[in-house]
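Below is the file coords25.cif, which contains mmCIF, C-alpha atoms and all ligand atoms.
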data_structure
#
loop_
_atom_site.label_atom_id
_atom_site.label_comp_id
_atom_site.auth_asym_id
_atom_site.auth_seq_id
_atom_site.Cartn_x
_atom_site.Cartn_y
_atom_site.Cartn_z
CA MET A 1 124.13 -16.21 -104.57
CA HIS A 2 121.68 -19.09 -104.87
CA GLY A 3 121.98 -19.83 -101.13
CA THR A 4 118.48 -19.28 -99.75
CA GLU A 5 116.43 -20.51 -102.66
CA SER A 6 113.79 -23.24 -102.55
CA PHE A 7 114.44 -26.70 -104.01
CA PRO A 8 118.22 -26.21 -104.30
CA GLU A 9 118.89 -29.73 -105.64
CA ILE A 10 116.27 -29.41 -108.34
CA ARG A 11 117.58 -25.99 -109.33
CA GLU A 12 121.16 -27.21 -109.45
CA ALA A 13 120.19 -30.18 -111.62
CA VAL A 14 118.19 -27.97 -113.99
CA ARG A 15 121.07 -25.51 -114.27
CA LYS A 16 123.44 -28.36 -115.14
CA LEU A 17 121.11 -29.63 -117.83
CA CYS A 18 120.58 -26.14 -119.25
CA ALA A 19 124.34 -25.57 -119.45
CA GLN A 20 124.32 -28.13 -122.27
CA PHE A 21 121.99 -25.84 -124.23
CA PRO A 22 123.81 -22.52 -124.46
CA GLY A 23 122.90 -19.37 -126.40
CA GLU A 24 124.20 -20.75 -129.72
CA TYR A 25 121.70 -23.59 -129.53
CA TRP A 26 118.73 -21.24 -129.02
CA ARG A 27 119.96 -18.70 -131.57
CA ALA A 28 120.13 -21.32 -134.30
CA LEU A 29 116.61 -22.51 -133.53
CA ASP A 30 115.33 -18.96 -133.34
CA ARG A 31 116.77 -18.10 -136.74
CA ASP A 32 114.94 -21.00 -138.40
CA ARG A 33 111.93 -21.06 -136.06
CA THR A 34 112.55 -24.70 -135.22
CA TYR A 35 111.49 -26.66 -132.16
CA PRO A 36 114.03 -27.48 -129.41
CA THR A 37 113.48 -31.24 -129.68
CA GLN A 38 116.79 -32.17 -128.02
CA PHE A 39 116.22 -29.83 -125.11
CA VAL A 40 112.68 -31.10 -124.51
CA GLN A 41 113.93 -34.70 -124.74
CA ALA A 42 116.65 -34.00 -122.18
CA LEU A 43 114.11 -32.46 -119.77
CA THR A 44 111.78 -35.42 -120.28
CA ASP A 45 114.57 -37.96 -119.73
CA ALA A 46 115.62 -36.17 -116.55
CA GLY A 47 112.01 -36.34 -115.29
CA PHE A 48 111.54 -32.58 -115.03
CA LEU A 49 108.37 -32.50 -117.10
CA SER A 50 106.64 -35.07 -114.91
CA VAL A 51 107.25 -33.47 -111.52
CA LEU A 52 103.51 -32.92 -111.06
CA ILE A 53 102.46 -36.45 -112.01
CA PRO A 54 101.84 -38.54 -108.88
CA GLU A 55 104.30 -41.35 -108.15
CA ALA A 56 101.52 -43.90 -108.63
CA TYR A 57 101.45 -42.91 -112.30
CA GLY A 58 105.21 -42.78 -112.77
CA GLY A 59 105.96 -39.12 -111.97
CA SER A 60 107.75 -37.61 -109.01
CA GLY A 61 104.58 -36.42 -107.27
CA LEU A 62 105.84 -32.98 -106.33
CA GLY A 63 103.78 -29.82 -106.13
CA LEU A 64 103.50 -26.74 -108.26
CA ALA A 65 106.13 -24.95 -106.16
CA ALA A 66 108.72 -27.50 -107.33
CA ALA A 67 107.56 -27.06 -110.92
CA THR A 68 108.00 -23.29 -110.65
CA ALA A 69 111.61 -23.87 -109.52
CA VAL A 70 112.22 -25.97 -112.66
CA LEU A 71 110.79 -23.37 -115.06
CA GLU A 72 112.40 -20.43 -113.31
CA GLU A 73 115.85 -22.02 -113.62
CA ILE A 74 115.27 -22.92 -117.27
CA HIS A 75 114.55 -19.28 -118.01
CA ARG A 76 117.25 -17.88 -115.78
CA SER A 77 119.72 -20.03 -117.71
CA GLY A 78 118.72 -18.33 -120.97
CA CYS A 79 116.73 -21.33 -122.16
CA ASN A 80 112.98 -21.30 -122.79
CA GLY A 81 110.35 -23.56 -121.24
CA GLY A 82 107.65 -22.40 -123.66
CA ALA A 83 108.42 -25.42 -125.79
CA CYS A 84 107.25 -27.81 -123.13
CA HIS A 85 105.62 -26.09 -120.12
CA ALA A 86 102.14 -27.15 -121.22
CA GLN A 87 102.96 -30.74 -120.42
CA MET A 88 103.04 -29.77 -116.76
CA TYR A 89 99.68 -28.04 -116.44
CA THR A 90 97.64 -29.71 -119.18
CA MET A 91 98.18 -33.04 -117.51
CA GLY A 92 96.32 -31.68 -114.47
CA THR A 93 93.04 -31.69 -116.37
CA ILE A 94 93.33 -35.45 -116.86
CA LEU A 95 94.65 -36.01 -113.34
CA LYS A 96 91.92 -34.01 -111.61
CA HIS A 97 88.94 -34.69 -113.83
CA GLY A 98 89.73 -37.76 -115.95
CA SER A 99 88.48 -41.29 -115.26
CA GLU A 100 90.78 -43.86 -113.69
CA ALA A 101 90.98 -45.60 -117.08
CA GLN A 102 92.14 -42.36 -118.73
CA LYS A 103 94.71 -41.75 -116.03
CA GLN A 104 96.07 -45.29 -116.40
CA ALA A 105 96.10 -45.00 -120.17
CA TYR A 106 97.88 -41.65 -120.40
CA LEU A 107 99.72 -40.53 -117.29
CA PRO A 108 102.41 -43.26 -117.04
CA LYS A 109 103.20 -42.84 -120.73
CA ILE A 110 103.36 -39.06 -120.37
CA ALA A 111 105.68 -39.49 -117.38
CA SER A 112 107.98 -41.84 -119.27
CA GLY A 113 108.03 -39.62 -122.34
CA GLU A 114 106.35 -42.21 -124.55
CA LEU A 115 103.46 -39.78 -125.07
CA ARG A 116 103.81 -36.02 -125.40
CA LEU A 117 100.94 -33.92 -124.09
CA GLN A 118 102.05 -30.48 -125.14
CA ALA A 119 99.00 -29.01 -126.85
CA PHE A 120 96.18 -27.16 -125.16
CA GLY A 121 93.42 -25.98 -127.52
CA VAL A 122 91.24 -23.18 -126.22
CA THR A 123 91.66 -19.90 -128.14
CA GLU A 124 89.66 -19.20 -131.30
CA PRO A 125 90.06 -16.34 -133.76
CA THR A 126 86.62 -14.81 -133.28
CA ALA A 127 86.06 -15.53 -129.57
CA GLY A 128 89.35 -14.02 -128.34
CA THR A 129 89.55 -13.83 -124.58
CA ASP A 130 85.81 -14.38 -124.22
CA THR A 131 86.09 -18.15 -124.03
CA THR A 132 82.32 -18.66 -123.68
CA ARG A 133 82.08 -17.50 -127.33
CA ILE A 134 84.08 -20.42 -128.72
CA SER A 135 82.22 -22.18 -131.49
CA THR A 136 84.29 -25.25 -132.32
CA PHE A 137 81.60 -27.88 -131.93
CA ALA A 138 81.74 -31.58 -131.01
CA ARG A 139 78.55 -33.35 -132.14
CA ARG A 140 77.85 -36.76 -130.66
CA ASP A 141 77.51 -39.47 -133.30
CA GLY A 142 77.18 -42.96 -131.77
CA ASP A 143 80.36 -43.71 -129.85
CA HIS A 144 82.23 -40.77 -131.34
CA TYR A 145 82.24 -36.98 -131.30
CA VAL A 146 82.53 -35.26 -134.66
CA ILE A 147 84.41 -31.97 -134.42
CA THR A 148 84.07 -28.95 -136.70
CA GLY A 149 85.60 -25.53 -136.20
CA GLN A 150 88.84 -23.61 -135.89
CA LYS A 151 91.40 -22.79 -133.20
CA LEU A 152 94.17 -20.21 -133.28
CA TRP A 153 97.47 -19.87 -131.38
CA ILE A 154 97.59 -23.53 -130.44
CA SER A 155 101.23 -23.94 -129.58
CA ARG A 156 103.29 -27.12 -130.02
CA ALA A 157 100.48 -29.01 -131.84
CA GLU A 158 103.07 -30.27 -134.36
CA HIS A 159 105.26 -31.56 -131.54
CA SER A 160 102.68 -33.29 -129.41
CA ASP A 161 100.94 -36.66 -129.53
CA LEU A 162 97.90 -35.51 -127.57
CA MET A 163 95.90 -32.33 -127.22
CA VAL A 164 93.47 -31.30 -124.50
CA LEU A 165 90.73 -29.57 -126.47
CA LEU A 166 87.91 -27.34 -125.26
CA CYS A 167 84.90 -27.24 -127.54
CA ARG A 168 81.17 -26.71 -127.39
CA THR A 169 78.84 -29.68 -127.08
CA THR A 170 75.84 -27.38 -126.60
CA ALA A 171 75.54 -24.07 -128.42
CA ARG A 172 75.92 -21.01 -126.19
CA GLU A 173 72.34 -19.92 -126.83
CA ASP A 174 70.97 -23.36 -125.82
CA ALA A 175 73.05 -23.66 -122.63
CA THR A 176 71.67 -22.76 -119.19
CA LYS A 177 74.48 -20.24 -118.78
CA PRO A 178 77.27 -19.11 -121.13
CA SER A 179 79.97 -21.12 -119.33
CA ASP A 180 77.92 -24.34 -119.56
CA GLY A 181 77.84 -26.58 -122.61
CA MET A 182 81.60 -26.74 -123.16
CA SER A 183 83.45 -30.04 -122.94
CA VAL A 184 87.04 -31.25 -122.79
CA LEU A 185 88.20 -33.96 -125.18
CA ILE A 186 91.57 -35.67 -125.43
CA VAL A 187 92.52 -35.64 -129.09
CA ASP A 188 95.12 -38.08 -130.36
CA LEU A 189 96.92 -35.87 -132.86
CA ARG A 190 98.73 -38.82 -134.41
CA ASP A 191 95.43 -40.16 -135.79
CA ALA A 192 93.82 -36.79 -136.34
CA VAL A 193 96.14 -35.03 -138.76
CA GLY A 194 94.91 -35.70 -142.29
CA ASN A 195 91.67 -37.25 -140.98
CA GLY A 196 89.68 -34.12 -140.26
CA LEU A 197 92.41 -32.00 -138.67
CA THR A 198 94.77 -29.67 -140.50
CA ILE A 199 97.58 -27.89 -138.63
CA ARG A 200 99.03 -24.71 -140.10
CA PRO A 201 102.05 -23.07 -138.43
CA VAL A 202 101.80 -19.36 -137.57
CA ARG A 203 105.10 -17.47 -137.72
CA THR A 204 105.49 -14.99 -134.85
CA MET A 205 108.12 -12.62 -133.45
CA LEU A 206 109.38 -15.38 -131.20
CA ASN A 207 110.12 -19.06 -131.71
CA HIS A 208 107.02 -20.59 -130.10
CA ALA A 209 105.83 -23.31 -132.52
CA THR A 210 102.34 -21.91 -132.50
CA THR A 211 99.69 -22.99 -135.02
CA GLU A 212 96.20 -22.66 -136.39
CA LEU A 213 93.95 -25.73 -136.35
CA PHE A 214 91.12 -26.52 -138.76
CA PHE A 215 88.65 -29.22 -137.78
CA ASP A 216 86.50 -30.62 -140.54
CA GLY A 217 84.57 -33.63 -139.26
CA LEU A 218 87.35 -35.00 -137.04
CA ARG A 219 86.08 -38.12 -135.24
CA VAL A 220 87.17 -38.56 -131.63
CA PRO A 221 86.08 -41.59 -129.56
CA ALA A 222 83.47 -40.64 -126.95
CA GLU A 223 85.63 -42.36 -124.31
CA ASN A 224 88.08 -39.45 -124.74
CA LEU A 225 85.64 -37.07 -123.05
CA VAL A 226 87.14 -35.83 -119.77
CA GLY A 227 84.68 -35.68 -116.88
CA GLN A 228 81.10 -34.73 -117.61
CA GLU A 229 79.84 -33.40 -120.91
CA GLY A 230 79.07 -29.68 -120.68
CA LYS A 231 81.24 -29.03 -117.62
CA GLY A 232 84.55 -28.53 -119.43
CA PHE A 233 84.96 -24.83 -118.77
CA ARG A 234 85.33 -25.46 -115.04
CA TYR A 235 87.95 -28.16 -115.64
CA ILE A 236 89.94 -25.83 -117.87
CA LEU A 237 89.83 -22.96 -115.38
CA ASP A 238 91.53 -25.17 -112.82
CA GLY A 239 94.37 -25.85 -115.22
CA MET A 240 94.59 -22.18 -116.11
CA ASN A 241 95.55 -21.24 -112.56
CA ALA A 242 98.44 -23.69 -112.72
CA GLU A 243 99.38 -22.34 -116.14
CA ARG A 244 99.45 -18.72 -114.94
CA ILE A 245 101.59 -19.56 -111.91
CA LEU A 246 104.03 -21.60 -113.99
CA ILE A 247 104.31 -18.91 -116.63
CA ALA A 248 104.84 -16.33 -113.90
CA SER A 249 107.79 -18.41 -112.73
CA GLU A 250 109.20 -18.33 -116.26
CA CYS A 251 108.94 -14.54 -116.14
CA ILE A 252 110.83 -14.55 -112.82
CA GLY A 253 113.54 -16.64 -114.48
CA ASP A 254 113.65 -14.22 -117.43
CA GLY A 255 113.80 -11.25 -115.06
CA ARG A 256 116.71 -12.79 -113.17
CA PHE A 257 118.45 -13.59 -116.46
CA PHE A 258 118.21 -9.93 -117.51
CA VAL A 259 119.32 -8.62 -114.12
CA ASP A 260 122.28 -11.06 -114.05
CA ARG A 261 123.33 -10.09 -117.56
CA ALA A 262 122.77 -6.35 -117.13
CA SER A 263 124.57 -6.09 -113.79
CA GLY A 264 127.42 -8.26 -115.10
CA TYR A 265 127.81 -6.14 -118.20
CA ALA A 266 127.53 -2.85 -116.27
CA LYS A 267 130.45 -3.95 -114.07
CA GLU A 268 132.67 -4.87 -117.04
CA ARG A 269 131.93 -2.33 -119.73
CA GLU A 270 134.11 0.76 -119.44
CA VAL A 271 133.20 4.03 -121.12
CA PHE A 272 134.62 7.43 -120.18
CA GLY A 273 137.26 5.59 -118.22
CA ARG A 274 134.97 3.85 -115.72
CA PRO A 275 132.48 0.98 -115.59
CA ILE A 276 129.09 2.13 -116.89
CA GLY A 277 127.50 0.59 -113.78
CA GLN A 278 129.21 3.24 -111.68
CA ASN A 279 126.80 5.76 -113.20
CA GLN A 280 123.62 5.72 -111.20
CA GLY A 281 121.63 6.37 -114.37
CA VAL A 282 122.71 2.86 -115.41
CA GLN A 283 122.86 1.25 -111.98
CA PHE A 284 119.49 2.28 -110.58
CA PRO A 285 117.23 0.81 -113.28
CA ILE A 286 119.04 -2.53 -112.84
CA ALA A 287 118.60 -2.30 -109.08
CA ARG A 288 114.93 -1.42 -109.60
CA ALA A 289 114.49 -4.41 -111.91
CA HIS A 290 115.96 -6.65 -109.22
CA VAL A 291 113.58 -5.23 -106.61
CA GLN A 292 110.58 -5.76 -108.86
CA VAL A 293 111.54 -9.31 -109.83
CA THR A 294 112.17 -10.20 -106.18
CA ALA A 295 108.79 -8.80 -105.10
CA ALA A 296 106.96 -10.55 -107.93
CA SER A 297 108.62 -13.85 -107.05
CA LEU A 298 107.07 -13.66 -103.57
CA MET A 299 103.64 -13.44 -105.18
CA VAL A 300 104.47 -16.44 -107.35
CA ASP A 301 105.55 -18.39 -104.27
CA LYS A 302 102.34 -17.46 -102.49
CA ALA A 303 100.13 -18.46 -105.41
CA ALA A 304 101.98 -21.77 -105.80
CA ALA A 305 101.69 -22.52 -102.08
CA MET A 306 97.93 -21.85 -102.19
CA PHE A 307 97.55 -24.04 -105.28
CA ASP A 308 99.47 -26.85 -103.58
CA ALA A 309 97.30 -26.50 -100.46
CA GLY A 310 94.20 -26.95 -102.63
CA GLU A 311 92.97 -23.43 -101.83
CA PRO A 312 91.18 -21.26 -104.39
CA CYS A 313 93.97 -19.19 -105.94
CA GLY A 314 92.55 -17.62 -109.10
CA THR A 315 93.20 -14.08 -107.91
CA GLU A 316 96.71 -14.83 -106.65
CA ALA A 317 97.59 -16.72 -109.85
CA ASN A 318 96.46 -13.73 -111.89
CA MET A 319 98.30 -11.22 -109.73
CA ALA A 320 101.47 -13.32 -109.81
CA LYS A 321 101.33 -13.54 -113.60
CA MET A 322 100.76 -9.81 -114.00
CA LEU A 323 103.49 -8.72 -111.60
CA ALA A 324 106.01 -11.23 -112.92
CA SER A 325 105.39 -10.44 -116.59
CA GLU A 326 105.70 -6.71 -115.94
CA ALA A 327 108.84 -7.18 -113.85
CA SER A 328 110.48 -9.32 -116.55
CA TRP A 329 109.54 -6.81 -119.24
CA PHE A 330 111.03 -3.91 -117.29
CA ALA A 331 114.16 -5.99 -116.68
CA ALA A 332 114.32 -6.81 -120.40
CA ASP A 333 114.07 -3.18 -121.39
CA THR A 334 116.71 -2.26 -118.82
CA ALA A 335 119.04 -5.00 -120.08
CA ILE A 336 118.77 -3.71 -123.66
CA GLN A 337 119.48 -0.16 -122.53
CA THR A 338 122.42 -1.26 -120.40
CA HIS A 339 123.98 -3.15 -123.30
CA GLY A 340 123.69 -0.17 -125.64
CA GLY A 341 124.12 -1.30 -129.24
CA PHE A 342 125.17 -4.80 -128.13
CA GLY A 343 121.68 -5.31 -126.71
CA PHE A 344 120.49 -5.55 -130.30
CA ALA A 345 123.16 -8.02 -131.40
CA GLU A 346 121.88 -11.60 -131.65
CA ASP A 347 125.04 -12.99 -130.08
CA TYR A 348 124.23 -11.48 -126.70
CA ASP A 349 120.84 -13.27 -126.41
CA ILE A 350 119.30 -10.16 -124.88
CA GLU A 351 117.20 -9.26 -127.91
CA ARG A 352 115.94 -12.84 -128.21
CA LYS A 353 114.91 -13.04 -124.56
CA PHE A 354 113.42 -9.51 -124.87
CA ARG A 355 111.12 -10.77 -127.64
CA GLU A 356 110.33 -13.93 -125.73
CA THR A 357 109.37 -12.32 -122.45
CA ARG A 358 107.07 -9.76 -124.08
CA LEU A 359 104.61 -12.53 -124.89
CA TYR A 360 103.62 -13.01 -121.28
CA GLN A 361 101.72 -9.76 -120.94
CA VAL A 362 99.36 -11.05 -123.64
CA ALA A 363 99.33 -14.82 -123.21
CA PRO A 364 97.99 -16.89 -121.59
CA ILE A 365 95.86 -13.99 -120.35
CA SER A 366 96.35 -10.33 -121.08
CA THR A 367 97.01 -7.72 -118.38
CA ASN A 368 93.70 -5.89 -118.89
CA LEU A 369 91.75 -9.04 -118.20
CA ILE A 370 93.65 -9.54 -114.96
CA LEU A 371 92.98 -5.96 -113.92
CA SER A 372 89.34 -6.46 -114.76
CA HIS A 373 89.24 -9.59 -112.58
CA VAL A 374 90.79 -7.71 -109.67
CA GLY A 375 88.62 -4.63 -110.20
CA THR A 376 85.35 -6.52 -110.26
CA HIS A 377 85.83 -9.82 -108.40
CA VAL A 378 88.16 -8.60 -105.69
CA LEU A 379 87.25 -4.93 -105.33
CA GLY A 380 83.58 -5.20 -106.27
CA MET A 381 83.56 -2.41 -108.85
CA PRO A 382 81.06 -2.58 -111.74
CA LYS A 383 81.73 -5.03 -114.54
CA SER A 384 82.56 -3.74 -118.03
CA PHE A 385 81.49 -6.98 -119.71
C1 LIG B 401 102.61 -17.06 -129.11
C2 LIG B 401 101.26 -17.39 -128.55
C3 LIG B 401 101.02 -18.67 -128.05
C4 LIG B 401 99.76 -19.01 -127.58
N1 LIG B 401 99.52 -20.32 -127.20
C5 LIG B 401 98.24 -20.70 -126.92
C6 LIG B 401 97.92 -22.09 -126.71
O1 LIG B 401 98.80 -22.96 -126.74
N2 LIG B 401 96.62 -22.43 -126.51
C7 LIG B 401 95.61 -21.50 -126.49
O2 LIG B 401 94.46 -21.89 -126.30
N3 LIG B 401 95.89 -20.19 -126.68
C8 LIG B 401 97.17 -19.77 -126.89
N4 LIG B 401 97.45 -18.44 -127.12
C9 LIG B 401 96.36 -17.46 -127.12
C10 LIG B 401 96.42 -16.47 -125.97
O3 LIG B 401 95.99 -17.08 -124.80
C11 LIG B 401 95.58 -15.26 -126.39
O4 LIG B 401 96.26 -14.58 -127.44
C12 LIG B 401 95.34 -14.33 -125.25
O5 LIG B 401 94.50 -14.94 -124.29
C13 LIG B 401 94.67 -13.04 -125.72
O6 LIG B 401 93.56 -13.34 -126.51
P1 LIG B 401 93.38 -12.67 -127.96
O7 LIG B 401 94.66 -12.78 -128.67
O8 LIG B 401 92.19 -13.25 -128.60
O9 LIG B 401 93.14 -11.15 -127.62
P2 LIG B 401 91.75 -10.37 -127.54
O10 LIG B 401 90.81 -11.08 -126.62
O11 LIG B 401 91.30 -10.09 -128.92
O12 LIG B 401 92.21 -9.03 -126.84
C14 LIG B 401 93.00 -8.04 -127.53
C15 LIG B 401 93.39 -6.94 -126.56
O13 LIG B 401 92.19 -6.30 -126.07
C16 LIG B 401 92.16 -6.31 -124.66
N5 LIG B 401 90.76 -6.51 -124.23
C17 LIG B 401 89.85 -7.40 -124.71
N6 LIG B 401 88.68 -7.28 -124.07
C18 LIG B 401 88.85 -6.30 -123.14
C19 LIG B 401 88.01 -5.72 -122.14
N7 LIG B 401 86.74 -6.11 -121.97
N8 LIG B 401 88.53 -4.74 -121.36
C20 LIG B 401 89.80 -4.32 -121.53
N9 LIG B 401 90.64 -4.83 -122.45
C21 LIG B 401 90.18 -5.82 -123.23
C22 LIG B 401 93.03 -7.49 -124.22
O14 LIG B 401 93.55 -7.26 -122.95
C23 LIG B 401 94.10 -7.48 -125.31
O15 LIG B 401 95.15 -6.62 -124.94
C24 LIG B 401 98.72 -18.05 -127.55
C25 LIG B 401 98.99 -16.75 -128.01
C26 LIG B 401 100.21 -16.42 -128.52
C27 LIG B 401 100.43 -15.03 -129.06
#

structure tokens encoding of this file:
Amino acid sequence: MHGTESFPEIREAVRKLCAQFPGEYWRALDRDRTYPTQFVQALTDAGFLSVLIPEAYGGSGLGLAAATAVLEEIHRSGCNGGACHAQMYTMGTILKHGSEAQKQAYLPKIASGELRLQAFGVTEPTAGTDTTRISTFARRDGDHYVITGQKLWISRAEHSDLMVLLCRTTAREDATKPSDGMSVLIVDLRDAVGNGLTIRPVRTMLNHATTELFFDGLRVPAENLVGQEGKGFRYILDGMNAERILIASECIGDGRFFVDRASGYAKEREVFGRPIGQNQGVQFPIARAHVQVTAASLMVDKAAAMFDAGEPCGTEANMAKMLASEASWFAADTAIQTHGGFGFAEDYDIERKFRETRLYQVAPISTNLILSHVGTHVLGMPKSF
């Protein structure tokens, strides 16, 4: 069944690790909205979160395609990579745009697990998807930046040592163009909390450890600036392509999880004296889900290959994320329907995964914004904003 897949050894190793974290583990965490510390530690110890870090900095130096195999298997196994996927793509901002001193200071420790880089701070309550409207401001004061403002939906901030933060260093109205004047800072959360940073958890319909951040005069050393001041938006965009491709691979894993579970259940469950899967009204949606997940996974593979070849892949990353998130959602809905009442029972893990996979049509970028990108940038139709 897994015969022709890419990175078979990696997948096999991830599946083995995930087998130690069965449904009961995730259900208990979900009930209390607690963080899967043990699971994340096991992935870190096995080196799966540092696949993208070059060998020179202690990682395994593989490409994004290998990372997608890791996340897909995590999700196919019924686990969830949302607790730790940011470590993979956030690191890229430091790797691609950081100074050699920053790379030496952070990357080996991230690879070894000594430092956790799980938080990525972009979204703000009033700016929404229009990132150029962010207003969290870093004012230069001697050899520090002083940060004031607010972020929302910053996941894993309570379970991370570092955060890659996007903020304004020039107000939008004073910048040459709206996307200028934003900068990336590495924030050491261990020093920050209680010294100008307050983290408040936000409870959501899924267990995602997301939070709201309040900055009130937080001082960050100027040496923590990544790249050039004012050019941060470009650095973040680069990381966002990786993020979208990786999250698309999680959706593929979710989709396969639902198809595996639904087809398995449809073969076993007998009603009216025959397996429910013998009824084409039950069988065909599952087959359709499989077709859609398989097609979407080709787009994910293409986007990852382009990313790894250093080619511009914004459009493909977006398309992969959209197709994969829609395929996993259709598969989720089909799995619930196939399970009848049992689809709603916690013990089957379908309802939990259903809630989890719904997120990906909104975050990290919502479907409408992807369609708008394709409509205007690819097809040349007039812009709506
Ligand atoms: C659980 C969770 C975890 C998250 N984790 C992080 C994180 O770690 N770091 C981080 O920075 N962010 C994070 N986010 C934020 C996430 O990226 C945003 O929620 C997402 O980008 C959508 O932005 P918004 O919520 O502000 O929606 P809005 O921008 O307010 O949009 C609301 C709706 O309107 C639609 N819309 C808006 N403008 C247009 C338009 N011009 N045309 C058509 N439709 C439009 C959108 O498609 C969307 O459906 C997280 C969000 C969630 C829910």

Given 8 Å and only C-alpha atoms and all ligand atoms, residues near ligand LIG 401 (chain B) as a short mmCIF file (atom, residue, chain, number, x, y, z; two decimals) with C-alpha atoms, keeping the file's coordinate frame:
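That gives us pocket38.cif:
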data_model
loop_
_atom_site.label_atom_id
_atom_site.label_comp_id
_atom_site.auth_asym_id
_atom_site.auth_seq_id
_atom_site.Cartn_x
_atom_site.Cartn_y
_atom_site.Cartn_z
CA ALA A 86 102.14 -27.15 -121.22
CA ALA A 119 99.00 -29.01 -126.85
CA PHE A 120 96.18 -27.16 -125.16
CA GLY A 121 93.42 -25.98 -127.52
CA VAL A 122 91.24 -23.18 -126.22
CA THR A 123 91.66 -19.90 -128.14
CA GLU A 124 89.66 -19.20 -131.30
CA PRO A 125 90.06 -16.34 -133.76
CA THR A 126 86.62 -14.81 -133.28
CA ALA A 127 86.06 -15.53 -129.57
CA GLY A 128 89.35 -14.02 -128.34
CA THR A 129 89.55 -13.83 -124.58
CA ASP A 130 85.81 -14.38 -124.22
CA LYS A 151 91.40 -22.79 -133.20
CA LEU A 152 94.17 -20.21 -133.28
CA TRP A 153 97.47 -19.87 -131.38
CA ILE A 154 97.59 -23.53 -130.44
CA SER A 155 101.23 -23.94 -129.58
CA ARG A 156 103.29 -27.12 -130.02
CA THR A 204 105.49 -14.99 -134.85
CA LEU A 206 109.38 -15.38 -131.20
CA HIS A 208 107.02 -20.59 -130.10
CA ALA A 209 105.83 -23.31 -132.52
CA THR A 210 102.34 -21.91 -132.50
CA LEU A 359 104.61 -12.53 -124.89
CA VAL A 362 99.36 -11.05 -123.64
CA ALA A 363 99.33 -14.82 -123.21
CA PRO A 364 97.99 -16.89 -121.59
CA ILE A 365 95.86 -13.99 -120.35
CA SER A 366 96.35 -10.33 -121.08
CA THR A 367 97.01 -7.72 -118.38
CA ASN A 368 93.70 -5.89 -118.89
CA LEU A 369 91.75 -9.04 -118.20
CA SER A 372 89.34 -6.46 -114.76
CA SER A 384 82.56 -3.74 -118.03
CA PHE A 385 81.49 -6.98 -119.71
#

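Among the candidates A:Ala324, A:Leu49, A:Ile336, A:Val226, the one nearest to A:Ser263 when counting all atoms listed in the file is A:Ile336.
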
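Here atom CA of A:Glu351 stands at a distance of 18.8 Å from atom CA of A:Tyr35.
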
9 Å contact set for stretch 94-104 of chain A, all atoms listed in the file, chain neighbours under 3 positions out, as number ranges by chain: A: 53-54, 57, 90-91, 107-109, 164, 186, 223-228, 235, 238

Pick from A:Val282, A:Val293, A:Val14, A:Leu165, whichever lies nearest to A:Gly253 using only C-alpha atoms: A:Val293

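Closest approach to A:Arg358 among A:Ser328, A:Ser183, A:Thr376, A:Gln292: A:Ser328, based on only C-alpha atoms.
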
Distance query A:Lys353 at most 12 Å, only C-alpha atoms, self and fewer than 3 positions along chain excluded, as a PyMOL selection string: chain A and resi 23+26-27+30+75-82+205-207+250-251+253-258+261+328-329+331-333+335-336+343-350+356-360

Store the residues of this selection in a file with C-alpha atoms, as a compact mmCIF listing (two decimals), keeping the file's coordinate frame.
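out16.txt written:
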# COMPACT_ATOMS: atom_id res chain seq x y z
CA GLY A 23 122.90 -19.37 -126.40
CA TRP A 26 118.73 -21.24 -129.02
CA ARG A 27 119.96 -18.70 -131.57
CA ASP A 30 115.33 -18.96 -133.34
CA HIS A 75 114.55 -19.28 -118.01
CA ARG A 76 117.25 -17.88 -115.78
CA SER A 77 119.72 -20.03 -117.71
CA GLY A 78 118.72 -18.33 -120.97
CA CYS A 79 116.73 -21.33 -122.16
CA ASN A 80 112.98 -21.30 -122.79
CA GLY A 81 110.35 -23.56 -121.24
CA GLY A 82 107.65 -22.40 -123.66
CA MET A 205 108.12 -12.62 -133.45
CA LEU A 206 109.38 -15.38 -131.20
CA ASN A 207 110.12 -19.06 -131.71
CA GLU A 250 109.20 -18.33 -116.26
CA CYS A 251 108.94 -14.54 -116.14
CA GLY A 253 113.54 -16.64 -114.48
CA ASP A 254 113.65 -14.22 -117.43
CA GLY A 255 113.80 -11.25 -115.06
CA ARG A 256 116.71 -12.79 -113.17
CA PHE A 257 118.45 -13.59 -116.46
CA PHE A 258 118.21 -9.93 -117.51
CA ARG A 261 123.33 -10.09 -117.56
CA SER A 328 110.48 -9.32 -116.55
CA TRP A 329 109.54 -6.81 -119.24
CA ALA A 331 114.16 -5.99 -116.68
CA ALA A 332 114.32 -6.81 -120.40
CA ASP A 333 114.07 -3.18 -121.39
CA ALA A 335 119.04 -5.00 -120.08
CA ILE A 336 118.77 -3.71 -123.66
CA GLY A 343 121.68 -5.31 -126.71
CA PHE A 344 120.49 -5.55 -130.30
CA ALA A 345 123.16 -8.02 -131.40
CA GLU A 346 121.88 -11.60 -131.65
CA ASP A 347 125.04 -12.99 -130.08
CA TYR A 348 124.23 -11.48 -126.70
CA ASP A 349 120.84 -13.27 -126.41
CA ILE A 350 119.30 -10.16 -124.88
CA GLU A 356 110.33 -13.93 -125.73
CA THR A 357 109.37 -12.32 -122.45
CA ARG A 358 107.07 -9.76 -124.08
CA LEU A 359 104.61 -12.53 -124.89
CA TYR A 360 103.62 -13.01 -121.28

Which residue of A:Ser50, A:Ser179, A:Asn241, A:Thr334 approaches A:Phe307 most closely, using all atoms listed in the file: A:Asn241
